[in-house]
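Reading through the C-alpha cells given below for one structure.
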Amino acid sequence: MRVAVLSESPVDEVVIRAFMDAILGQKTESIDLHVRTRGWPAICDVLPSIIKRLHWHDDAEGLVLCVDTNGSEIHRSEHDDIPHRDCRMCQLRTLTHEILVGLSPRPDRPTALGIAIGTAVPAIEAWLLCGVDSGVGESQWQQKKDQDAQSRGYVRTLKKTLYGTDHASQIERKRISLKAVERLSVGNFRTLEDKFPGGFGSL
Ligand SMILES: [Zn+2]
C-alpha cells in the first residue's frame with residue numbers, strides 16, 4: 001500500500017507513518033514528496049500540487065496530513081457542521097475537498113485518493129507524552145490557553161520533557177518518538193483517542 005505522508009518535519013513524517021502502520025496493521029510504502037519547506041502555512045501552499053501529483057502520477061492510495069495546532073482553535077465535532085475559520089483541521093478539510101472536487105476521476109483506479117488529516121494539539125510531542133504526562137490533552141490545552149500565561153512556552157516545555165533537552169538531534173528525536181508510538185500502540189491508541197478526540201480521533 002503506497003501512502004504519502006506530509007507533516008511539519010521529516011522526523012514528524014516518520015512518526016506519523018509509524019502511527020499509521022500500527023493502526024493499519026501493515027507496513028505502508030512511502031512516496032517521496034520532494035518537499036523542502038514545511039510548517040504552517042507552507043503545507044497549505046504545496047498541498048494543491050502534491051494532491052494533483054499523487055492523483056495523476058503516483059500509484060498512491062492515500063495521503064496522510066498532520067500538522068501541529070500551536071495556538072489555533074482545537075477541532076470539535078460541532079465544526080463538522082460549521083467549519084471554524086481558525087481551526088487547522090477544518091481549513092485542511094476545506095482545502096483538500098476543494099482540490100479533490102476539481103479533479104476528474106483517475107482512469108486506472110476505481111477509487112479516489114484517500115486523505116486522512118490529523119492535528120496535534122498543540123504539537124506532536126503532546127501525543128507522544130500521552131500516558132506519561134497527565135497534563136497533555138485537548139481539554140488540558142484549552143484550559144492553558146484560557147489562562148494565557150500557562151500556554152506561553154508550553155510547546156518548548158513539551159519538547160524538553162519528551163527529548164530531555166532543548167537540542168536533541170534528529171536521530172535522537174526519531175528514536176524517542178518511535179519508542180513512544182510503540183508504547184502507545186500497546187493500548188491500541190485508545191488513551192490518545194480519549195485525550196485528543198478532535199485531532200487524533202479524527203485522524
Ligand atoms: Zn475544526
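Identifiers in this document derive from the order of the C-alpha cells: chains are assigned A, B, ..., residues are numbered from 1 separately in each chain, and ligands are numbered from 1 in order of occurrence.
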
Test item: residues lying within 9 Å of ligand 1 with only C-alpha atoms and all ligand atoms, as a list in words: Glu73, Ile74, His75, Arg76, Ser77, Glu78, His79, Asp80, Ile82, Pro83, His84, Arg85, Asp86, Cys87, Arg88, Met89, Cys90, Gln91, Arg93, Gly198 and Gly199 of chain A

Sel. of alpha helix (DSSP H) residues, chain A, as number ranges by chain: A: 10-24, 42-56, 88-101, 124-128, 138-146, 154-163, 170-186, 190-195

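Atom pair CA of Asp194 (chain A) / CA of Met1 (chain A): separated by 28.2 Å.
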
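Residues in contact with Leu103 (chain A) at up to 10 Å, not including ones fewer than 5 positions away on its chain and judged by only C-alpha atoms, are Ile51, Lys52, His55, Trp56, Glu98 and Ala112 of chain A.
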
Let's have the selection written as a PDB file, in the first residue's frame, with N, CA and C atoms.
```pdb
ATOM      1  N   ILE A  51      -1.357  17.044  -4.124  1.00  0.00           N
ATOM      2  CA  ILE A  51      -2.549  16.215  -4.345  1.00  0.00           C
ATOM      3  C   ILE A  51      -2.711  15.902  -5.837  1.00  0.00           C
ATOM      4  N   LYS A  52      -2.491  16.896  -6.671  1.00  0.00           N
ATOM      5  CA  LYS A  52      -2.616  16.669  -8.124  1.00  0.00           C
ATOM      6  C   LYS A  52      -1.585  15.643  -8.590  1.00  0.00           C
ATOM      7  N   HIS A  55      -2.583  12.235  -7.370  1.00  0.00           N
ATOM      8  CA  HIS A  55      -3.796  11.804  -8.081  1.00  0.00           C
ATOM      9  C   HIS A  55      -3.475  11.298  -9.482  1.00  0.00           C
ATOM     10  N   TRP A  56      -2.601  12.021 -10.195  1.00  0.00           N
ATOM     11  CA  TRP A  56      -2.354  11.694 -11.607  1.00  0.00           C
ATOM     12  C   TRP A  56      -1.134  10.840 -11.853  1.00  0.00           C
ATOM     13  N   GLU A  98     -11.801  21.053  -1.788  1.00  0.00           N
ATOM     14  CA  GLU A  98     -11.838  21.930  -2.975  1.00  0.00           C
ATOM     15  C   GLU A  98     -10.916  21.411  -4.077  1.00  0.00           C
ATOM     16  N   ALA A 112     -11.027   7.221  -5.456  1.00  0.00           N
ATOM     17  CA  ALA A 112     -10.271   8.480  -5.390  1.00  0.00           C
ATOM     18  C   ALA A 112      -9.149   8.338  -4.361  1.00  0.00           C
TER      19      ALA A 112
END
```

Atomic separation - CA of Glu29 (chain A) relative to CA of Arg2 (chain A), Å: 4.6 Å

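Neighbouring residues of region 121-132 of chain A at 6 Å or closer, counting only C-alpha atoms and skipping chain neighbours under 6 positions away, are Asp68, Thr69, Asn70 and Ala180 of chain A.
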
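Using only C-alpha atoms, the contacts of Ser7 (chain A) at a cut-off of 9 Å, with sequence neighbours closer than 4 positions omitted, comprise Val11, Asp12, Glu13, Ile16, Arg38, Gly39, Ile43, Val64, Leu65, Cys66, Val67 and Asp68 of chain A.
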
Non-local contacts of Asp166 (chain A) (12 Å; only C-alpha atoms; under 6 positions in same chain excluded) as a ChimeraX atom specification: /A:155-160,172-173

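For region 83-181 of chain A, the set of residues given strand (DSSP E or B) by DSSP on the backbone reads Cys87, Gly114, Ile115, Ala116, Ile117, Gly118, Thr119 and Ala120 of chain A.
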
Pull N, CA and C atoms from the residues just selected and write them as a compact mmCIF listing (two decimals), in the first residue's frame.
```txt
# COMPACT_ATOMS: atom_id res chain seq x y z
N CYS A 87 -9.50 26.91 12.71
CA CYS A 87 -9.17 25.51 13.04
C CYS A 87 -8.43 24.90 11.85
N GLY A 114 -7.41 8.64 -1.11
CA GLY A 114 -7.93 8.81 0.25
C GLY A 114 -7.05 9.79 1.02
N ILE A 115 -7.67 10.69 1.75
CA ILE A 115 -6.88 11.66 2.52
C ILE A 115 -7.30 11.62 3.99
N ALA A 116 -6.33 11.43 4.87
CA ALA A 116 -6.59 11.44 6.31
C ALA A 116 -5.89 12.65 6.91
N ILE A 117 -6.57 13.35 7.81
CA ILE A 117 -6.00 14.57 8.40
C ILE A 117 -5.97 14.48 9.92
N GLY A 118 -4.82 14.82 10.48
CA GLY A 118 -4.70 14.87 11.93
C GLY A 118 -4.14 16.22 12.34
N THR A 119 -4.52 16.69 13.53
CA THR A 119 -3.93 17.92 14.07
C THR A 119 -3.48 17.63 15.50
N ALA A 120 -2.19 17.81 15.73
CA ALA A 120 -1.63 17.53 17.05
C ALA A 120 -1.78 18.77 17.93
```

Selection near Leu24 (chain A), 12 Å with only C-alpha atoms, sequence-local residues under 4 positions removed, as JSON, numbers by chain: {"A": [1, 3, 17, 18, 19, 20, 28, 185, 188]}

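When only C-alpha atoms are used to compute distances to Gly135 (chain A), the closest of the residues A:Val5, A:Ala149, A:Val46, A:Tyr154 turns out to be A:Tyr154.
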
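Take CA of Glu8 (chain A) and CA of Lys145 (chain A): the distance between them is 22.1 Å.
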
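In this comparison, which uses only C-alpha atoms, the residue of A:Gly71, A:Ser104, A:Thr191, A:Pro48 approaching Arg152 (chain A) most closely is A:Gly71.
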